[in-house]
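> Below you will find the structure I want to go over with you.
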Amino acid sequence: MLAIFSLLLAGLGGGLLGCSSGNPVAPVAPEKVSGVAVIVAQSATVPDWLEAVGTVRAAQSTQIASQTMGNILGIRAQEGDRVQSGQILATIDDSQPRAAVEQASASAAAARKEVSSAESELALAQSTLKRYQQLYEKKSISPQEFDEFTTRAQSAEARRDMARAGQAQADAALTQARTSLGYTQIRAPFAGVVTEKKTDAGTLASPGMALFTVEDTRRYRLEANLDENNVRLARAGESVSVVLDSLDNAVLQGKIAQVVPAADPASRSFLVKIDLPADARLRSGLFGRARFARGKRSAIFIPQSAIVERGQLRGVYAIDANRIAQLHYVTLGQVSEKQVEALSGLQDGEKIIAAPGDVDFGGKQIEPRP
């Protein structure tokens, strides 16, 4: 019985040994995909620029402040309202300034009457002096009498001059009172849009208190910062391309209006103001990128259709010498029309699939389209 069991074990071992010594399993051939559009990534010389971020602001913007003290009676403009130059935005209690105008008007009227009276008196004194001068020349009156009438005429002229000075002072006081009365009506200094209302009716206004912010919407600028090493790239009067992300990456041709000569001590950067062309879509606060030219450089651009997205990563299907496609993750840079720059992950002359779409080409053998 033991002998039979041993023979069975020997036969089983031999069978297993015979199975293990057979030919290895052949590798599975990769799947072939035919008619795929393939392109060659090639480097090209392109303009090089420095990109500086900035903010769109109105070229003319002002805070409107109160110039007098008094309770605000009414607000006639709100944020977003379009206003005209001289339009009333708010009114302040004018009871005291109006009383001051009435008092100054009365003083000015009295001063005018005083001048009229002094001029009449002077005219009479001069006429009398003229008659007595004729008598004096005929020796009909004594020198003492003639000197007396001469002195009267001079006194009348001095009184007239003093009355005129008083009238000028009264007129100046009236002008000042009317100006103070005008301060009770807060007006727009130019046509634009109210971007901020900082007070409400019933508030006690005081000189210097900000009430509104008004922007001129006809002209906008991009204000960008350049560090001290690159400020040389910005020169007043030069054209600069400005990209606005929120306007579908619209590219506007701006012109450098000013390079502020003093650097920000905190960031060591210089403020560059770039005038933008008229565009109804522009608003204060938009994010923008200014491109300052700094020569030429070599870059690899590929079609945006070749880009494959995997979560937060982006890549392209590169084809090796055996025509096997592998996903290479790339770092992308500047966008130019329908092309995008590959900063890393792709070599010059490397073949990639032009438009993979949603198809997974990884590990497949590619038969390029003729």
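Every chain in the structure tokens has a letter given in the order shown (A, B, ...), and although residue numbers restart at 1 in each chain, ligands are simply numbered from 1 in the order shown.
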Give me every alpha helix (DSSP H) residue in region 68-154 of chain A, going by DSSP on the backbone, as JSON, numbers by chain.

{"A": [95, 96, 97, 98, 99, 100, 101, 102, 103, 104, 105, 106, 107, 108, 109, 110, 111, 112, 113, 114, 115, 116, 117, 118, 119, 120, 121, 122, 123, 124, 125, 126, 127, 128, 129, 130, 131, 132, 133, 134, 135, 136, 137, 143, 144, 145, 146, 147, 148, 149, 150, 151, 152, 153, 154]}

> Since we have the selection now, will you write its residues out, keeping C-alpha atoms, as a PDB file, in the first residue's frame?


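Saved result, again-v5.pdb, follows:
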```pdb
ATOM      1  CA  SER A  95     -30.929 128.530   6.881  1.00  0.00           C
ATOM      2  CA  GLN A  96     -27.818 130.098   8.426  1.00  0.00           C
ATOM      3  CA  PRO A  97     -25.932 130.725   5.156  1.00  0.00           C
ATOM      4  CA  ARG A  98     -29.099 132.222   3.607  1.00  0.00           C
ATOM      5  CA  ALA A  99     -29.487 134.603   6.566  1.00  0.00           C
ATOM      6  CA  ALA A 100     -25.855 135.590   6.138  1.00  0.00           C
ATOM      7  CA  VAL A 101     -26.515 136.343   2.464  1.00  0.00           C
ATOM      8  CA  GLU A 102     -29.490 138.555   3.343  1.00  0.00           C
ATOM      9  CA  GLN A 103     -27.428 140.454   5.915  1.00  0.00           C
ATOM     10  CA  ALA A 104     -24.559 140.905   3.484  1.00  0.00           C
ATOM     11  CA  SER A 105     -26.971 142.053   0.784  1.00  0.00           C
ATOM     12  CA  ALA A 106     -28.366 144.729   3.119  1.00  0.00           C
ATOM     13  CA  SER A 107     -24.848 145.887   3.971  1.00  0.00           C
ATOM     14  CA  ALA A 108     -23.922 146.047   0.303  1.00  0.00           C
ATOM     15  CA  ALA A 109     -27.044 148.097  -0.476  1.00  0.00           C
ATOM     16  CA  ALA A 110     -26.232 150.535   2.337  1.00  0.00           C
ATOM     17  CA  ALA A 111     -22.675 150.829   1.054  1.00  0.00           C
ATOM     18  CA  ARG A 112     -23.911 151.654  -2.436  1.00  0.00           C
ATOM     19  CA  LYS A 113     -26.122 154.424  -1.044  1.00  0.00           C
ATOM     20  CA  GLU A 114     -23.187 155.759   0.922  1.00  0.00           C
ATOM     21  CA  VAL A 115     -21.109 155.882  -2.228  1.00  0.00           C
ATOM     22  CA  SER A 116     -23.910 157.634  -4.110  1.00  0.00           C
ATOM     23  CA  SER A 117     -24.224 160.237  -1.364  1.00  0.00           C
ATOM     24  CA  ALA A 118     -20.455 160.777  -1.222  1.00  0.00           C
ATOM     25  CA  GLU A 119     -20.231 161.176  -4.987  1.00  0.00           C
ATOM     26  CA  SER A 120     -23.036 163.751  -4.962  1.00  0.00           C
ATOM     27  CA  GLU A 121     -21.312 165.668  -2.195  1.00  0.00           C
ATOM     28  CA  LEU A 122     -18.030 165.558  -4.107  1.00  0.00           C
ATOM     29  CA  ALA A 123     -19.665 166.784  -7.291  1.00  0.00           C
ATOM     30  CA  LEU A 124     -21.179 169.736  -5.412  1.00  0.00           C
ATOM     31  CA  ALA A 125     -17.863 170.556  -3.712  1.00  0.00           C
ATOM     32  CA  GLN A 126     -15.952 170.442  -6.985  1.00  0.00           C
ATOM     33  CA  SER A 127     -18.546 172.644  -8.729  1.00  0.00           C
ATOM     34  CA  THR A 128     -18.404 175.176  -5.913  1.00  0.00           C
ATOM     35  CA  LEU A 129     -14.604 175.145  -5.957  1.00  0.00           C
ATOM     36  CA  LYS A 130     -14.624 175.832  -9.690  1.00  0.00           C
ATOM     37  CA  ARG A 131     -16.802 178.921  -9.281  1.00  0.00           C
ATOM     38  CA  TYR A 132     -14.726 180.255  -6.403  1.00  0.00           C
ATOM     39  CA  GLN A 133     -11.539 179.667  -8.342  1.00  0.00           C
ATOM     40  CA  GLN A 134     -12.809 182.074 -11.021  1.00  0.00           C
ATOM     41  CA  LEU A 135     -13.556 184.644  -8.318  1.00  0.00           C
ATOM     42  CA  TYR A 136     -10.153 184.043  -6.800  1.00  0.00           C
ATOM     43  CA  GLU A 137      -8.456 184.678 -10.116  1.00  0.00           C
ATOM     44  CA  PRO A 143      -6.832 183.335  -0.419  1.00  0.00           C
ATOM     45  CA  GLN A 144      -8.175 182.121   2.926  1.00  0.00           C
ATOM     46  CA  GLU A 145     -11.707 181.754   1.522  1.00  0.00           C
ATOM     47  CA  PHE A 146     -10.399 179.910  -1.575  1.00  0.00           C
ATOM     48  CA  ASP A 147      -8.346 177.523   0.603  1.00  0.00           C
ATOM     49  CA  GLU A 148     -11.474 176.747   2.622  1.00  0.00           C
ATOM     50  CA  PHE A 149     -13.430 175.593  -0.462  1.00  0.00           C
ATOM     51  CA  THR A 150     -10.406 173.670  -1.707  1.00  0.00           C
ATOM     52  CA  THR A 151     -10.247 171.777   1.593  1.00  0.00           C
ATOM     53  CA  ARG A 152     -13.985 171.011   1.399  1.00  0.00           C
ATOM     54  CA  ALA A 153     -13.538 169.489  -2.056  1.00  0.00           C
ATOM     55  CA  GLN A 154     -10.608 167.380  -0.889  1.00  0.00           C
TER      56      GLN A 154
END
```

> Name all residues at most 10 Å from region 345-351 of chain A (count only C-alpha atoms; drop same-chain ones fewer than 5 positions away) and give them as a list in words.

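Surrounding residues, per the criterion: Val38, Ile39, Val40, Ala41, Gln42, Ser43, Ala44, Ala299, Ile300, Phe301, Ile302, Gly315, Val316, Tyr317, Ala318, Ile319, Asp320, Ala321, Arg323, Ala325, His328, Tyr329, Val330, Thr331 and Leu332 of chain A.
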
> Within 10 Å of Asp227 (chain A), counting only C-alpha atoms, which residues show up once you throw out same-chain ones fewer than 5 positions away? Write them as a compact mmCIF listing (two decimals) with C-alpha atoms, in the first residue's frame, please.


```txt
# COMPACT_ATOMS: atom_id res chain seq x y z
CA ALA A 52 2.88 92.55 -14.57
CA ARG A 232 13.49 100.11 -17.24
CA ALA A 263 9.25 103.43 -5.51
CA ASP A 264 7.01 101.94 -2.86
CA SER A 267 7.60 96.39 -2.08
CA ARG A 268 10.42 98.24 -3.89
CA SER A 269 8.15 98.49 -6.93
CA PHE A 270 7.20 101.36 -9.23
CA LEU A 271 3.65 102.22 -10.24
```

> Where does region 48-136 of chain A meet region 189-204 of chain A within 10 Å, residue by residue, with the nearest atom pair and distance in Å to one decimal for each, counting only C-alpha atoms, listed by chain and rising number, as JSON lines?


```
{"residue": "A:Gln60", "atom": "CA", "partner": "A:Gly192", "partner_atom": "CA", "distance": 9.3}
{"residue": "A:Ser61", "atom": "CA", "partner": "A:Gly192", "partner_atom": "CA", "distance": 9.0}
{"residue": "A:Thr62", "atom": "CA", "partner": "A:Pro189", "partner_atom": "CA", "distance": 8.6}
{"residue": "A:Gln63", "atom": "CA", "partner": "A:Glu196", "partner_atom": "CA", "distance": 8.9}
{"residue": "A:Ile64", "atom": "CA", "partner": "A:Pro189", "partner_atom": "CA", "distance": 8.2}
{"residue": "A:Ala65", "atom": "CA", "partner": "A:Lys198", "partner_atom": "CA", "distance": 10.0}
{"residue": "A:Met69", "atom": "CA", "partner": "A:Leu204", "partner_atom": "CA", "distance": 7.1}
{"residue": "A:Gly70", "atom": "CA", "partner": "A:Leu204", "partner_atom": "CA", "distance": 5.6}
{"residue": "A:Asn71", "atom": "CA", "partner": "A:Leu204", "partner_atom": "CA", "distance": 4.4}
{"residue": "A:Ile72", "atom": "CA", "partner": "A:Ala201", "partner_atom": "CA", "distance": 5.1}
{"residue": "A:Leu73", "atom": "CA", "partner": "A:Ala201", "partner_atom": "CA", "distance": 5.5}
{"residue": "A:Gly74", "atom": "CA", "partner": "A:Ala201", "partner_atom": "CA", "distance": 5.2}
{"residue": "A:Ile75", "atom": "CA", "partner": "A:Ala201", "partner_atom": "CA", "distance": 6.0}
{"residue": "A:Arg76", "atom": "CA", "partner": "A:Ala201", "partner_atom": "CA", "distance": 9.8}
{"residue": "A:Ala77", "atom": "CA", "partner": "A:Val194", "partner_atom": "CA", "distance": 7.4}
{"residue": "A:Gln78", "atom": "CA", "partner": "A:Lys197", "partner_atom": "CA", "distance": 6.3}
{"residue": "A:Glu79", "atom": "CA", "partner": "A:Val194", "partner_atom": "CA", "distance": 5.1}
{"residue": "A:Gly80", "atom": "CA", "partner": "A:Val194", "partner_atom": "CA", "distance": 5.3}
{"residue": "A:Asp81", "atom": "CA", "partner": "A:Val194", "partner_atom": "CA", "distance": 5.5}
{"residue": "A:Arg82", "atom": "CA", "partner": "A:Val193", "partner_atom": "CA", "distance": 4.4}
{"residue": "A:Val83", "atom": "CA", "partner": "A:Gly192", "partner_atom": "CA", "distance": 5.6}
{"residue": "A:Gln84", "atom": "CA", "partner": "A:Ala191", "partner_atom": "CA", "distance": 4.2}
{"residue": "A:Ser85", "atom": "CA", "partner": "A:Phe190", "partner_atom": "CA", "distance": 4.0}
{"residue": "A:Gly86", "atom": "CA", "partner": "A:Pro189", "partner_atom": "CA", "distance": 6.0}
{"residue": "A:Gln87", "atom": "CA", "partner": "A:Pro189", "partner_atom": "CA", "distance": 8.2}
{"residue": "A:Ile88", "atom": "CA", "partner": "A:Pro189", "partner_atom": "CA", "distance": 9.9}
{"residue": "A:Leu89", "atom": "CA", "partner": "A:Val194", "partner_atom": "CA", "distance": 9.4}
{"residue": "A:Ala90", "atom": "CA", "partner": "A:Ala201", "partner_atom": "CA", "distance": 8.6}
{"residue": "A:Thr91", "atom": "CA", "partner": "A:Ala201", "partner_atom": "CA", "distance": 8.9}
{"residue": "A:Ile92", "atom": "CA", "partner": "A:Leu204", "partner_atom": "CA", "distance": 8.8}
{"residue": "A:Asp93", "atom": "CA", "partner": "A:Leu204", "partner_atom": "CA", "distance": 9.6}
```

> Those selected residues, please, written with N, CA and C atoms and delivered as a PDB file, in the first residue's frame.


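Final output, result.pdb:
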```
ATOM      1  N   GLN A  60      -9.867 109.554 -14.019  1.00  0.00           N
ATOM      2  CA  GLN A  60     -10.276 110.686 -13.188  1.00  0.00           C
ATOM      3  C   GLN A  60     -11.305 110.205 -12.177  1.00  0.00           C
ATOM      4  N   SER A  61     -10.954 110.305 -10.931  1.00  0.00           N
ATOM      5  CA  SER A  61     -11.840 109.893  -9.845  1.00  0.00           C
ATOM      6  C   SER A  61     -11.651 110.856  -8.685  1.00  0.00           C
ATOM      7  N   THR A  62     -12.745 111.226  -8.037  1.00  0.00           N
ATOM      8  CA  THR A  62     -12.629 112.191  -6.947  1.00  0.00           C
ATOM      9  C   THR A  62     -13.607 111.882  -5.836  1.00  0.00           C
ATOM     10  N   GLN A  63     -13.190 112.232  -4.633  1.00  0.00           N
ATOM     11  CA  GLN A  63     -14.079 112.173  -3.476  1.00  0.00           C
ATOM     12  C   GLN A  63     -14.668 113.564  -3.269  1.00  0.00           C
ATOM     13  N   ILE A  64     -15.985 113.630  -3.203  1.00  0.00           N
ATOM     14  CA  ILE A  64     -16.661 114.908  -3.011  1.00  0.00           C
ATOM     15  C   ILE A  64     -16.933 115.080  -1.526  1.00  0.00           C
ATOM     16  N   ALA A  65     -16.406 116.158  -0.951  1.00  0.00           N
ATOM     17  CA  ALA A  65     -16.533 116.396   0.483  1.00  0.00           C
ATOM     18  C   ALA A  65     -17.358 117.649   0.741  1.00  0.00           C
ATOM     19  N   MET A  69     -20.763 123.270   7.381  1.00  0.00           N
ATOM     20  CA  MET A  69     -21.375 122.462   8.432  1.00  0.00           C
ATOM     21  C   MET A  69     -22.888 122.639   8.397  1.00  0.00           C
ATOM     22  N   GLY A  70     -23.586 121.518   8.554  1.00  0.00           N
ATOM     23  CA  GLY A  70     -25.037 121.578   8.583  1.00  0.00           C
ATOM     24  C   GLY A  70     -25.636 120.194   8.410  1.00  0.00           C
ATOM     25  N   ASN A  71     -26.895 120.068   8.743  1.00  0.00           N
ATOM     26  CA  ASN A  71     -27.579 118.784   8.594  1.00  0.00           C
ATOM     27  C   ASN A  71     -27.885 118.515   7.125  1.00  0.00           C
ATOM     28  N   ILE A  72     -27.640 117.278   6.700  1.00  0.00           N
ATOM     29  CA  ILE A  72     -27.946 116.882   5.327  1.00  0.00           C
ATOM     30  C   ILE A  72     -29.447 116.668   5.228  1.00  0.00           C
ATOM     31  N   LEU A  73     -30.094 117.439   4.348  1.00  0.00           N
ATOM     32  CA  LEU A  73     -31.547 117.369   4.210  1.00  0.00           C
ATOM     33  C   LEU A  73     -31.988 116.312   3.209  1.00  0.00           C
ATOM     34  N   GLY A  74     -31.202 116.100   2.153  1.00  0.00           N
ATOM     35  CA  GLY A  74     -31.627 115.146   1.132  1.00  0.00           C
ATOM     36  C   GLY A  74     -30.459 114.595   0.346  1.00  0.00           C
ATOM     37  N   ILE A  75     -30.588 113.334  -0.056  1.00  0.00           N
ATOM     38  CA  ILE A  75     -29.625 112.650  -0.910  1.00  0.00           C
ATOM     39  C   ILE A  75     -30.302 112.409  -2.262  1.00  0.00           C
ATOM     40  N   ARG A  76     -29.689 112.885  -3.332  1.00  0.00           N
ATOM     41  CA  ARG A  76     -30.309 112.798  -4.656  1.00  0.00           C
ATOM     42  C   ARG A  76     -29.563 111.872  -5.609  1.00  0.00           C
ATOM     43  N   ALA A  77     -28.586 111.144  -5.115  1.00  0.00           N
ATOM     44  CA  ALA A  77     -27.844 110.215  -5.987  1.00  0.00           C
ATOM     45  C   ALA A  77     -27.453 108.988  -5.180  1.00  0.00           C
ATOM     46  N   GLN A  78     -27.456 107.856  -5.850  1.00  0.00           N
ATOM     47  CA  GLN A  78     -27.083 106.585  -5.231  1.00  0.00           C
ATOM     48  C   GLN A  78     -25.957 105.942  -6.046  1.00  0.00           C
ATOM     49  N   GLU A  79     -25.349 104.879  -5.467  1.00  0.00           N
ATOM     50  CA  GLU A  79     -24.300 104.167  -6.196  1.00  0.00           C
ATOM     51  C   GLU A  79     -24.828 103.665  -7.532  1.00  0.00           C
ATOM     52  N   GLY A  80     -24.029 103.857  -8.553  1.00  0.00           N
ATOM     53  CA  GLY A  80     -24.399 103.396  -9.884  1.00  0.00           C
ATOM     54  C   GLY A  80     -25.124 104.430 -10.716  1.00  0.00           C
ATOM     55  N   ASP A  81     -25.546 105.546 -10.104  1.00  0.00           N
ATOM     56  CA  ASP A  81     -26.244 106.584 -10.864  1.00  0.00           C
ATOM     57  C   ASP A  81     -25.256 107.328 -11.759  1.00  0.00           C
ATOM     58  N   ARG A  82     -25.660 107.561 -12.988  1.00  0.00           N
ATOM     59  CA  ARG A  82     -24.863 108.370 -13.914  1.00  0.00           C
ATOM     60  C   ARG A  82     -25.279 109.824 -13.739  1.00  0.00           C
ATOM     61  N   VAL A  83     -24.313 110.704 -13.509  1.00  0.00           N
ATOM     62  CA  VAL A  83     -24.599 112.106 -13.213  1.00  0.00           C
ATOM     63  C   VAL A  83     -23.895 113.000 -14.222  1.00  0.00           C
ATOM     64  N   GLN A  84     -24.423 114.224 -14.360  1.00  0.00           N
ATOM     65  CA  GLN A  84     -23.844 115.226 -15.243  1.00  0.00           C
ATOM     66  C   GLN A  84     -23.065 116.259 -14.427  1.00  0.00           C
ATOM     67  N   SER A  85     -22.172 116.960 -15.109  1.00  0.00           N
ATOM     68  CA  SER A  85     -21.394 117.988 -14.431  1.00  0.00           C
ATOM     69  C   SER A  85     -22.321 119.061 -13.859  1.00  0.00           C
ATOM     70  N   GLY A  86     -22.152 119.385 -12.569  1.00  0.00           N
ATOM     71  CA  GLY A  86     -22.972 120.386 -11.911  1.00  0.00           C
ATOM     72  C   GLY A  86     -24.267 119.860 -11.326  1.00  0.00           C
ATOM     73  N   GLN A  87     -24.568 118.585 -11.533  1.00  0.00           N
ATOM     74  CA  GLN A  87     -25.818 118.020 -11.000  1.00  0.00           C
ATOM     75  C   GLN A  87     -25.760 117.966  -9.480  1.00  0.00           C
ATOM     76  N   ILE A  88     -26.884 118.303  -8.828  1.00  0.00           N
ATOM     77  CA  ILE A  88     -26.950 118.296  -7.364  1.00  0.00           C
ATOM     78  C   ILE A  88     -27.044 116.853  -6.867  1.00  0.00           C
ATOM     79  N   LEU A  89     -26.129 116.492  -5.972  1.00  0.00           N
ATOM     80  CA  LEU A  89     -26.103 115.150  -5.404  1.00  0.00           C
ATOM     81  C   LEU A  89     -26.722 115.099  -4.005  1.00  0.00           C
ATOM     82  N   ALA A  90     -26.595 116.201  -3.270  1.00  0.00           N
ATOM     83  CA  ALA A  90     -27.144 116.254  -1.906  1.00  0.00           C
ATOM     84  C   ALA A  90     -27.371 117.712  -1.530  1.00  0.00           C
ATOM     85  N   THR A  91     -28.256 117.938  -0.558  1.00  0.00           N
ATOM     86  CA  THR A  91     -28.520 119.300  -0.070  1.00  0.00           C
ATOM     87  C   THR A  91     -28.316 119.339   1.442  1.00  0.00           C
ATOM     88  N   ILE A  92     -27.754 120.460   1.900  1.00  0.00           N
ATOM     89  CA  ILE A  92     -27.484 120.678   3.323  1.00  0.00           C
ATOM     90  C   ILE A  92     -28.330 121.857   3.790  1.00  0.00           C
ATOM     91  N   ASP A  93     -28.750 121.834   5.049  1.00  0.00           N
ATOM     92  CA  ASP A  93     -29.568 122.914   5.615  1.00  0.00           C
ATOM     93  C   ASP A  93     -28.889 124.261   5.360  1.00  0.00           C
TER      94      ASP A  93
END
```
